[in-house]
Structures are given as C-alpha cells and as structure tokens.
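Here's upload-v4.txt, which has compact mmCIF, C-alpha atoms and all ligand atoms:
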```
# COMPACT_ATOMS: atom_id res chain seq x y z
CA GLN A 233 -1.28 150.27 -190.46
CA GLU A 234 2.35 149.59 -191.37
CA HIS A 235 1.92 145.86 -190.66
CA LEU A 236 -0.99 145.55 -193.09
CA ALA A 237 1.08 147.00 -195.92
CA LYS A 238 3.66 144.27 -195.35
CA GLY A 239 1.02 141.58 -195.63
CA LEU A 240 1.50 139.62 -192.43
CA PRO A 241 0.61 140.93 -188.97
CA LEU A 242 3.98 140.08 -187.38
CA SER A 243 6.26 141.08 -190.27
CA GLY A 244 9.28 142.93 -188.92
CA LYS A 245 8.60 141.76 -185.34
CA ARG A 246 10.97 139.70 -183.23
CA VAL A 247 9.30 137.23 -180.91
CA LEU A 248 11.07 135.41 -178.06
CA ILE A 249 9.41 132.31 -176.61
CA THR A 250 10.48 130.03 -173.75
CA ALA A 251 9.21 126.45 -173.82
CA GLY A 252 9.49 123.06 -172.19
CA PRO A 253 10.63 121.88 -168.79
CA THR A 254 14.01 122.50 -167.19
CA TYR A 255 16.23 119.75 -165.81
CA GLU A 256 18.08 120.49 -162.60
CA ALA A 257 21.04 118.17 -162.14
CA ILE A 258 21.48 116.11 -158.97
CA ASP A 259 24.53 114.18 -160.18
CA PRO A 260 25.85 113.18 -163.62
CA VAL A 261 22.95 110.78 -164.27
CA ARG A 262 19.97 112.25 -162.37
CA TYR A 263 17.91 115.40 -162.42
CA ILE A 264 14.76 117.02 -161.08
CA GLY A 265 12.31 117.83 -163.88
CA ASN A 266 8.61 118.05 -164.68
CA HIS A 267 6.12 116.66 -167.19
CA SER A 268 6.09 119.60 -169.62
CA THR A 269 6.46 118.46 -173.25
CA GLY A 270 7.07 121.93 -174.68
CA LEU A 271 4.17 121.62 -177.13
CA MET A 272 2.42 124.91 -176.20
CA GLY A 273 5.63 126.92 -176.72
CA TYR A 274 6.54 125.15 -179.96
CA GLU A 275 3.04 125.79 -181.36
CA LEU A 276 3.38 129.47 -180.41
CA ALA A 277 6.74 129.61 -182.22
CA LYS A 278 5.32 128.01 -185.39
CA LYS A 279 2.28 130.27 -185.42
CA ALA A 280 4.30 133.45 -184.79
CA ALA A 281 6.65 132.51 -187.65
CA SER A 282 3.72 131.81 -189.96
CA LEU A 283 2.40 135.29 -189.10
CA GLY A 284 5.67 136.79 -190.32
CA ALA A 285 7.74 137.11 -187.14
CA LYS A 286 11.40 136.29 -186.63
CA VAL A 287 11.27 133.87 -183.70
CA ILE A 288 13.81 132.86 -181.07
CA LEU A 289 12.65 129.71 -179.27
CA VAL A 290 14.53 128.98 -176.04
CA SER A 291 13.62 125.42 -175.19
CA GLY A 292 14.35 123.13 -172.27
CA PRO A 293 14.68 119.39 -172.97
CA SER A 294 11.88 118.34 -175.35
CA HIS A 295 11.42 115.56 -177.89
CA LEU A 296 9.77 117.98 -180.30
CA SER A 297 11.57 119.28 -183.34
CA ILE A 298 10.96 122.42 -185.31
CA GLN A 299 12.25 123.51 -188.70
CA HIS A 300 11.45 126.93 -190.09
CA ASN A 301 13.66 129.56 -191.73
CA ASN A 302 12.43 132.22 -189.32
CA ILE A 303 12.78 130.18 -186.12
CA GLU A 304 16.08 130.05 -184.26
CA LEU A 305 15.99 127.18 -181.75
CA ILE A 306 18.22 127.55 -178.70
CA LYS A 307 18.30 124.39 -176.58
CA VAL A 308 19.05 124.61 -172.87
CA LYS A 309 18.81 122.25 -169.92
CA SER A 310 18.63 124.06 -166.59
CA ALA A 311 16.68 127.11 -165.44
CA ASP A 312 19.97 128.96 -165.15
CA GLU A 313 20.86 128.22 -168.79
CA MET A 314 17.36 129.29 -169.83
CA TYR A 315 17.83 132.52 -167.89
CA GLN A 316 21.16 133.28 -169.63
CA ALA A 317 19.81 132.53 -173.13
CA THR A 318 16.61 134.50 -172.63
CA LEU A 319 18.27 137.57 -171.15
CA ARG A 320 20.86 137.64 -173.95
CA ASP A 321 18.29 138.30 -176.71
CA TYR A 322 15.58 140.10 -174.73
CA HIS A 323 16.62 143.64 -175.69
CA LEU A 324 16.08 142.85 -179.40
CA CYS A 325 12.51 141.61 -179.06
CA ASP A 326 9.05 143.11 -179.51
CA ILE A 327 6.98 140.28 -178.06
CA VAL A 328 8.14 137.84 -175.36
CA ILE A 329 6.08 134.86 -174.24
CA CYS A 330 7.28 132.70 -171.34
CA ALA A 331 5.57 129.34 -171.79
CA ALA A 332 8.29 127.24 -170.13
CA ALA A 333 7.64 125.20 -167.00
CA VAL A 334 10.76 126.40 -165.21
CA ALA A 335 11.80 124.48 -162.10
CA ASP A 336 11.35 126.71 -159.07
CA TYR A 337 14.23 125.01 -157.21
CA ARG A 338 17.50 123.24 -158.01
CA PRO A 339 19.75 121.05 -155.90
CA LYS A 340 22.08 123.24 -153.87
CA ALA A 341 25.08 121.09 -154.81
CA VAL A 342 25.57 118.90 -157.88
CA ALA A 343 27.57 115.75 -157.08
CA ASP A 344 30.39 115.26 -159.56
CA GLN A 345 30.14 111.46 -159.29
CA LYS A 346 27.02 109.29 -159.37
CA ILE A 347 25.60 109.23 -155.85
CA LYS A 348 25.78 105.76 -154.27
CA LYS A 349 22.85 104.22 -152.42
CA SER A 350 23.42 104.13 -148.64
CA THR A 351 21.09 105.27 -145.84
CA GLU A 352 17.31 104.54 -145.69
CA GLU A 353 16.54 108.22 -145.92
CA PHE A 354 18.27 110.65 -148.20
CA THR A 355 17.76 114.40 -148.32
CA ILE A 356 18.56 116.79 -151.13
CA THR A 357 18.68 120.46 -150.24
CA LEU A 358 17.13 122.68 -152.89
CA VAL A 359 17.68 126.38 -153.49
CA LYS A 360 15.41 128.76 -155.41
CA ASN A 361 16.04 129.42 -159.08
CA ARG A 362 15.91 132.95 -160.44
CA ASP A 363 12.52 133.86 -161.86
CA ILE A 364 13.21 134.56 -165.55
CA LEU A 365 9.88 136.24 -166.21
CA PHE A 366 10.22 138.48 -163.14
CA SER A 367 13.63 139.64 -164.36
CA LEU A 368 12.21 140.37 -167.83
CA GLY A 369 9.44 142.41 -166.19
CA GLU A 370 12.03 144.49 -164.32
CA LEU A 371 14.04 145.16 -167.49
CA LYS A 372 11.03 145.76 -169.73
CA LYS A 373 11.20 148.58 -172.31
CA GLN A 374 9.39 148.18 -175.66
CA GLN A 375 8.57 144.50 -175.18
CA PHE A 376 5.01 143.20 -174.92
CA LEU A 377 5.58 140.66 -172.14
CA VAL A 378 3.32 137.63 -171.66
CA GLY A 379 3.49 134.94 -168.97
CA PHE A 380 1.65 131.73 -168.32
CA ALA A 381 0.11 130.66 -165.04
CA LEU A 382 -0.71 127.12 -164.12
CA GLU A 383 -3.00 127.10 -161.10
CA THR A 384 -5.01 124.48 -159.25
CA GLN A 385 -6.91 126.84 -156.94
CA ASN A 386 -7.99 130.52 -156.88
CA GLU A 387 -6.91 130.52 -160.51
CA VAL A 388 -7.89 134.03 -161.61
CA GLU A 389 -6.75 135.69 -158.39
CA ASN A 390 -3.37 133.92 -158.48
CA ALA A 391 -2.88 134.66 -162.18
CA ILE A 392 -3.62 138.37 -161.65
CA GLY A 393 -1.15 138.37 -158.75
CA LYS A 394 1.57 137.06 -161.10
CA LEU A 395 0.59 139.53 -163.85
CA LYS A 396 1.10 142.44 -161.44
CA ARG A 397 4.13 141.16 -159.54
CA LYS A 398 6.03 140.35 -162.73
CA ASN A 399 5.05 143.60 -164.55
CA LEU A 400 3.41 141.72 -167.46
CA ASP A 401 1.23 143.03 -170.29
CA ALA A 402 -0.86 139.86 -170.24
CA ILE A 403 -1.02 136.43 -168.68
CA VAL A 404 -2.40 133.17 -170.05
CA LEU A 405 -4.13 131.15 -167.38
CA ASN A 406 -4.51 127.43 -167.79
CA SER A 407 -6.18 125.46 -165.10
CA LEU A 408 -5.35 121.82 -164.45
CA ASN A 409 -8.92 121.48 -163.16
CA ASP A 410 -10.15 121.65 -166.74
CA SER A 411 -9.85 118.09 -168.01
CA GLY A 412 -8.06 117.94 -171.33
CA ALA A 413 -5.77 120.85 -170.47
CA GLY A 414 -2.17 120.92 -169.38
CA PHE A 415 0.98 118.78 -169.46
CA GLY A 416 1.07 115.97 -171.98
CA GLU A 417 -2.26 116.95 -173.52
CA LEU A 418 -2.73 117.96 -177.14
CA THR A 419 -5.44 120.39 -176.10
CA ASN A 420 -5.61 123.33 -173.75
CA LYS A 421 -8.26 125.59 -172.23
CA ILE A 422 -7.11 129.08 -171.45
CA SER A 423 -8.16 132.49 -170.28
CA PHE A 424 -6.24 135.52 -171.56
CA ILE A 425 -5.97 138.31 -168.98
CA ASP A 426 -4.59 141.70 -169.99
CA LYS A 427 -3.05 144.28 -167.67
CA ASN A 428 -6.35 146.15 -167.40
CA LEU A 429 -7.70 142.85 -166.06
CA ASN A 430 -10.00 142.18 -169.01
CA ILE A 431 -10.48 138.42 -169.03
CA LYS A 432 -11.29 136.48 -172.19
CA THR A 433 -12.01 132.77 -171.77
CA PHE A 434 -11.66 130.34 -174.67
CA GLU A 435 -13.06 126.89 -175.37
CA LEU A 436 -10.99 123.71 -175.11
CA LYS A 437 -9.00 123.45 -178.37
CA THR A 438 -5.83 122.01 -179.81
CA LYS A 439 -2.65 123.73 -178.61
CA SER A 440 -2.13 124.88 -182.20
CA ALA A 441 -5.51 126.67 -182.16
CA VAL A 442 -4.77 128.04 -178.68
CA ALA A 443 -1.48 129.45 -180.00
CA ALA A 444 -3.42 131.26 -182.74
CA ASP A 445 -5.85 132.70 -180.16
CA ILE A 446 -3.00 133.94 -177.94
CA LEU A 447 -1.18 135.61 -180.84
CA ASN A 448 -4.42 137.19 -182.09
CA GLU A 449 -4.96 138.73 -178.66
CA ILE A 450 -1.39 140.03 -178.56
CA ILE A 451 -1.62 141.45 -182.10
CA ALA A 452 -4.89 143.21 -181.23
CA LYS A 453 -3.18 144.81 -178.20
CA ILE A 454 0.03 145.92 -179.87
CA TYR A 455 -1.80 147.60 -182.77
CA ALA A 456 -4.61 149.02 -180.62
N1 LIG B 1 8.73 131.50 -164.70
C1 LIG B 1 10.00 131.88 -165.07
N2 LIG B 1 11.08 131.55 -164.28
C2 LIG B 1 10.91 130.85 -163.14
C3 LIG B 1 9.59 130.44 -162.75
C4 LIG B 1 8.53 130.79 -163.56
O1 LIG B 1 10.17 132.52 -166.13
N3 LIG B 1 11.97 130.55 -162.40
C5 LIG B 1 7.59 131.90 -165.56
C6 LIG B 1 6.89 130.77 -166.26
O2 LIG B 1 7.47 130.52 -167.54
C7 LIG B 1 5.46 131.31 -166.39
C8 LIG B 1 5.31 132.21 -165.18
O3 LIG B 1 6.64 132.50 -164.73
O4 LIG B 1 5.32 132.14 -167.53
C9 LIG B 1 4.52 131.64 -164.07
O5 LIG B 1 5.03 130.40 -163.66
P1 LIG B 1 4.33 129.65 -162.45
O6 LIG B 1 5.12 128.42 -162.12
O7 LIG B 1 2.86 129.53 -162.73
O8 LIG B 1 4.47 130.74 -161.29
P2 LIG B 1 5.56 131.01 -160.18
O9 LIG B 1 5.82 132.48 -160.19
O10 LIG B 1 6.75 130.11 -160.32
O11 LIG B 1 4.76 130.69 -158.84
P3 LIG B 1 4.24 129.27 -158.24
O12 LIG B 1 4.93 128.15 -158.99
O13 LIG B 1 4.60 129.33 -156.80
O14 LIG B 1 2.73 129.28 -158.47
CA CA B 2 6.61 127.81 -160.50
```
Show me this structure written as structure tokens.
Amino acid sequence: QEHLAKGLPLSGKRVLITAGPTYEAIDPVRYIGNHSTGLMGYELAKKAASLGAKVILVSGPSHLSIQHNNIELIKVKSADEMYQATLRDYHLCDIVICAAAVADYRPKAVADQKIKKSTEEFTITLVKNRDILFSLGELKKQQFLVGFALETQNEVENAIGKLKRKNLDAIVLNSLNDSGAGFGELTNKISFIDKNLNIKTFELKTKSAVAADILNEIIAKIYA
C-alpha cells in the first residue's frame, strides 16, 4: 500500500520505454526504415509520467515531441543505438515496455559514399539485428518486462510464443487485421496477455486511452 500513501500509483517507479522505428543506414543518404510514428510509445511515456513515474523514453526517429519534467528523452537512429541506450539504463528500472518497431535486419555494409546508380538489378545483403527485448528478458531481475507483438496471422499463438521466448511478464498484441489499429493510426485495438496466459481484449480507442489501459494492467500486476 506504499504507493497509495504517496498519492500516485507509479510514484518512486522508474519506467523505461522504447518507441518509434529504427533507421538502418545503406549509405550517407539512404536507410531502411518502417512506418512507425512512435505515437504508442510516446503516449505510454506521458501516461506513466502523469501517474508519478520517472520515465526514460528511448526513441527512434519520430516527428513527435515530448516535454515533461519526469521524462528523459534519448533519441537514437539504428537498432544498435537503441540496444546500447536501452541496456545502459535497464538495471535501474522497475517497468520496461518495448513499443519500438525495431528493424529486424540492417545492411551488412554501410557505403561511406552515396551509392551511384549502375546495373539494372541491385542487391543489398542484410544481417540480423540483435533482439533488444530478448536480451532484456535474459538479464531480467526486478523489472516487469512488457513487449508488443504486431501480427497478421495466428495472432494469439504468435504473441504467446514471443511472451515465452523473450521471458516477458506480459505482451500487448495488436493486430493489423483490426481496421483502425497500427502504424500511422491515432487509435489502436489491443489484447493484453500476461505470463499466466490470461488474455484481456480491449475496444478500439485512442492510443492515449490504450496507454492508460496498458499501464492500469501493469499496475494491477505489480501490486497484486
Ligand atoms: N524487438 C526488439 N528488438 C528487435 C526486434 C523486436 O526489442 N530487434 C521487440 C519489439 O519492440 C516488440 C517485440 O520485440 O516489443 C516483438 O517485435 P515483433 O517484430 O513483433 O517480433 P519479432 O520477435 O521481431 O518477430 P517477427 O518480426 O519475426 O514476428
Ligand atoms: Ca520484428
């Protein structure tokens, strides 16, 4: 009941959130990226701060801005930079939510000059990026660790697979099949799955309202 005495449910808690896409450089002017805007992660950061937490937001390239005394924004570009920044502060945190759309692969070599147009076909060899969330799962101590899963088929089964493989405490499933949910949308429709495989499905709502639902679920678990 210590948290109630302090007034806000996340007072005294440190929350780490990853958000946005990552950009994987091809040459000095080009990259491989994705359509994530970062909105879900930024809304989670704002809501956690308003609930009393000290928040570290590790964000890939995003046009969004955020200004709050209890939010430290760390901007990164590539998956590797996101990995470094996230791992650096992980040991301090009580709740960690990985909402970033991290590129699974990066170009094997980054050209140091702009690549010139030549042949009709052009191949870029990609190599796998480290899985940040998997690494956090391996190192987990006190942290309540939450991932996201974006699936287009066998959603629940795939999400549960990720929950187990990455040693998570919960996973947020959002399905692109639900219209009005996903990249570039202001709304999202999620299911929250805990490690005992209890599944709670929510209505389509604004990402701000979804952030509140996710944090309520986490708060209920950590004080259970
Ligand atoms: N994630 C991560 N680091 C990566 C890839 C993913 O931290 N290199 C995190 C995401 O932030 C998300 C979760 O892992 O919280 C699941 O991401 P997702 O792309 O759905 O799953 P993957 O494990 O990458 O599997 P796949 O893309 O093949 O479905
Ligand atoms: Ca992926």
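You can rank A:Val378, A:Leu418, A:Leu319, A:Ala257 by their closest distance to A:Thr269 using all atoms listed in the file, and at the top of that list sits A:Leu418.
Taking only C-alpha atoms and all ligand atoms into account, the residues that come within 12 Å of ligand CA 2 (chain B) are Pro253, Thr254, Gly265, Asn266, Ala311, Cys330, Ala331, Ala332, Ala333, Val334, Ala335, Asp336, Tyr337, Lys360, Asn361, Arg362, Asp363, Ile364, Leu365, Phe366, Gly379, Phe380, Ala381, Leu382, Glu383, Asn390, Ala391 and Lys394 of chain A.
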Straight-line distance linking atom CA of A:Ile288 with atom CA of A:Ile327, stated in Å to one decimal: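 Between atom CA of A:Ile288 and atom CA of A:Ile327 the gap works out to 10.5 Å.
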Exercise: A:Val404 partners within 12 Å, only C-alpha atoms, chain neighbours under 3 positions left out, as number ranges by chain: A: 272, 329-331, 377-383, 387-388, 390-392, 394-395, 400-401, 407, 420-427, 429-434, 442-443, 445-447, 449-450
Taking C-alpha atoms for each residue, export the selection above as a PDB file, keeping the file's coordinate frame.
```
ATOM      1  CA  MET A 272       2.420 124.910-176.200  1.00  0.00           C
ATOM      2  CA  ILE A 329       6.080 134.860-174.240  1.00  0.00           C
ATOM      3  CA  CYS A 330       7.280 132.700-171.340  1.00  0.00           C
ATOM      4  CA  ALA A 331       5.570 129.340-171.790  1.00  0.00           C
ATOM      5  CA  LEU A 377       5.580 140.660-172.140  1.00  0.00           C
ATOM      6  CA  VAL A 378       3.320 137.630-171.660  1.00  0.00           C
ATOM      7  CA  GLY A 379       3.490 134.940-168.970  1.00  0.00           C
ATOM      8  CA  PHE A 380       1.650 131.730-168.320  1.00  0.00           C
ATOM      9  CA  ALA A 381       0.110 130.660-165.040  1.00  0.00           C
ATOM     10  CA  LEU A 382      -0.710 127.120-164.120  1.00  0.00           C
ATOM     11  CA  GLU A 383      -3.000 127.100-161.100  1.00  0.00           C
ATOM     12  CA  GLU A 387      -6.910 130.520-160.510  1.00  0.00           C
ATOM     13  CA  VAL A 388      -7.890 134.030-161.610  1.00  0.00           C
ATOM     14  CA  ASN A 390      -3.370 133.920-158.480  1.00  0.00           C
ATOM     15  CA  ALA A 391      -2.880 134.660-162.180  1.00  0.00           C
ATOM     16  CA  ILE A 392      -3.620 138.370-161.650  1.00  0.00           C
ATOM     17  CA  LYS A 394       1.570 137.060-161.100  1.00  0.00           C
ATOM     18  CA  LEU A 395       0.590 139.530-163.850  1.00  0.00           C
ATOM     19  CA  LEU A 400       3.410 141.720-167.460  1.00  0.00           C
ATOM     20  CA  ASP A 401       1.230 143.030-170.290  1.00  0.00           C
ATOM     21  CA  SER A 407      -6.180 125.460-165.100  1.00  0.00           C
ATOM     22  CA  ASN A 420      -5.610 123.330-173.750  1.00  0.00           C
ATOM     23  CA  LYS A 421      -8.260 125.590-172.230  1.00  0.00           C
ATOM     24  CA  ILE A 422      -7.110 129.080-171.450  1.00  0.00           C
ATOM     25  CA  SER A 423      -8.160 132.490-170.280  1.00  0.00           C
ATOM     26  CA  PHE A 424      -6.240 135.520-171.560  1.00  0.00           C
ATOM     27  CA  ILE A 425      -5.970 138.310-168.980  1.00  0.00           C
ATOM     28  CA  ASP A 426      -4.590 141.700-169.990  1.00  0.00           C
ATOM     29  CA  LYS A 427      -3.050 144.280-167.670  1.00  0.00           C
ATOM     30  CA  LEU A 429      -7.700 142.850-166.060  1.00  0.00           C
ATOM     31  CA  ASN A 430     -10.000 142.180-169.010  1.00  0.00           C
ATOM     32  CA  ILE A 431     -10.480 138.420-169.030  1.00  0.00           C
ATOM     33  CA  LYS A 432     -11.290 136.480-172.190  1.00  0.00           C
ATOM     34  CA  THR A 433     -12.010 132.770-171.770  1.00  0.00           C
ATOM     35  CA  PHE A 434     -11.660 130.340-174.670  1.00  0.00           C
ATOM     36  CA  VAL A 442      -4.770 128.040-178.680  1.00  0.00           C
ATOM     37  CA  ALA A 443      -1.480 129.450-180.000  1.00  0.00           C
ATOM     38  CA  ASP A 445      -5.850 132.700-180.160  1.00  0.00           C
ATOM     39  CA  ILE A 446      -3.000 133.940-177.940  1.00  0.00           C
ATOM     40  CA  LEU A 447      -1.180 135.610-180.840  1.00  0.00           C
ATOM     41  CA  GLU A 449      -4.960 138.730-178.660  1.00  0.00           C
ATOM     42  CA  ILE A 450      -1.390 140.030-178.560  1.00  0.00           C
TER      43      ILE A 450
END
```
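Here atom CA of A:Asn448 and atom CA of A:Tyr315 stand 26.8 Å from one another.
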Counting only C-alpha atoms and all ligand atoms, the residue of A:Val287, A:Leu276, A:Leu368, A:Val359 that sits nearest ligand LIG 1 (chain B):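 Checking each of A:Val287, A:Leu276, A:Leu368, A:Val359 against ligand LIG 1 (chain B), counting only C-alpha atoms and all ligand atoms, the winner is A:Leu368.
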Atomic separation - atom CA of A:Gly244 relative to atom CA of A:Gly369, Å: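 Value for the atom CA of A:Gly369-atom CA of A:Gly244 distance: 22.7 Å.
Using all atoms listed in the file, the smallest distance between any of A:Leu358, A:Val290, A:Leu271, A:Ala277 and A:Thr250 comes from A:Val290.
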All residues 9 Å or closer to stretch 299-306 of chain A, only C-alpha atoms, same chain fewer than 6 positions away omitted, as an MDAnalysis selection string: chainID A and resid 277:278 281:282 284:292 317
Residue nearest A:Val247 among A:Val308, A:Ile264, A:Ile451, A:Met314 (counting all atoms listed in the file):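 Closest residue, counting all atoms listed in the file: A:Ile451.
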Minimum-distance residue to ligand LIG 1 (chain B), chosen among A:Pro260, A:Pro293, A:Gly393, A:Gly416 (using all atoms listed in the file):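 Result for the nearest residue to ligand LIG 1 (chain B): A:Gly393.
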If I wrap all listed atoms of stretch 431-445 of chain A in a box with edges along x, y and z and add 6 Å on each side, what are its centre and edge lengths in Å to one decimal, as AutoDock Vina command-line options?
```
--center_x -7.3 --center_y 130.2 --center_z -175.9 --size_x 23.6 --size_y 28.4 --size_z 25.7
```
Given only C-alpha atoms and all ligand atoms as the counted atoms, nearest of A:Asp344, A:Glu275, A:Glu256, A:Glu435 to ligand LIG 1 (chain B): A:Glu256
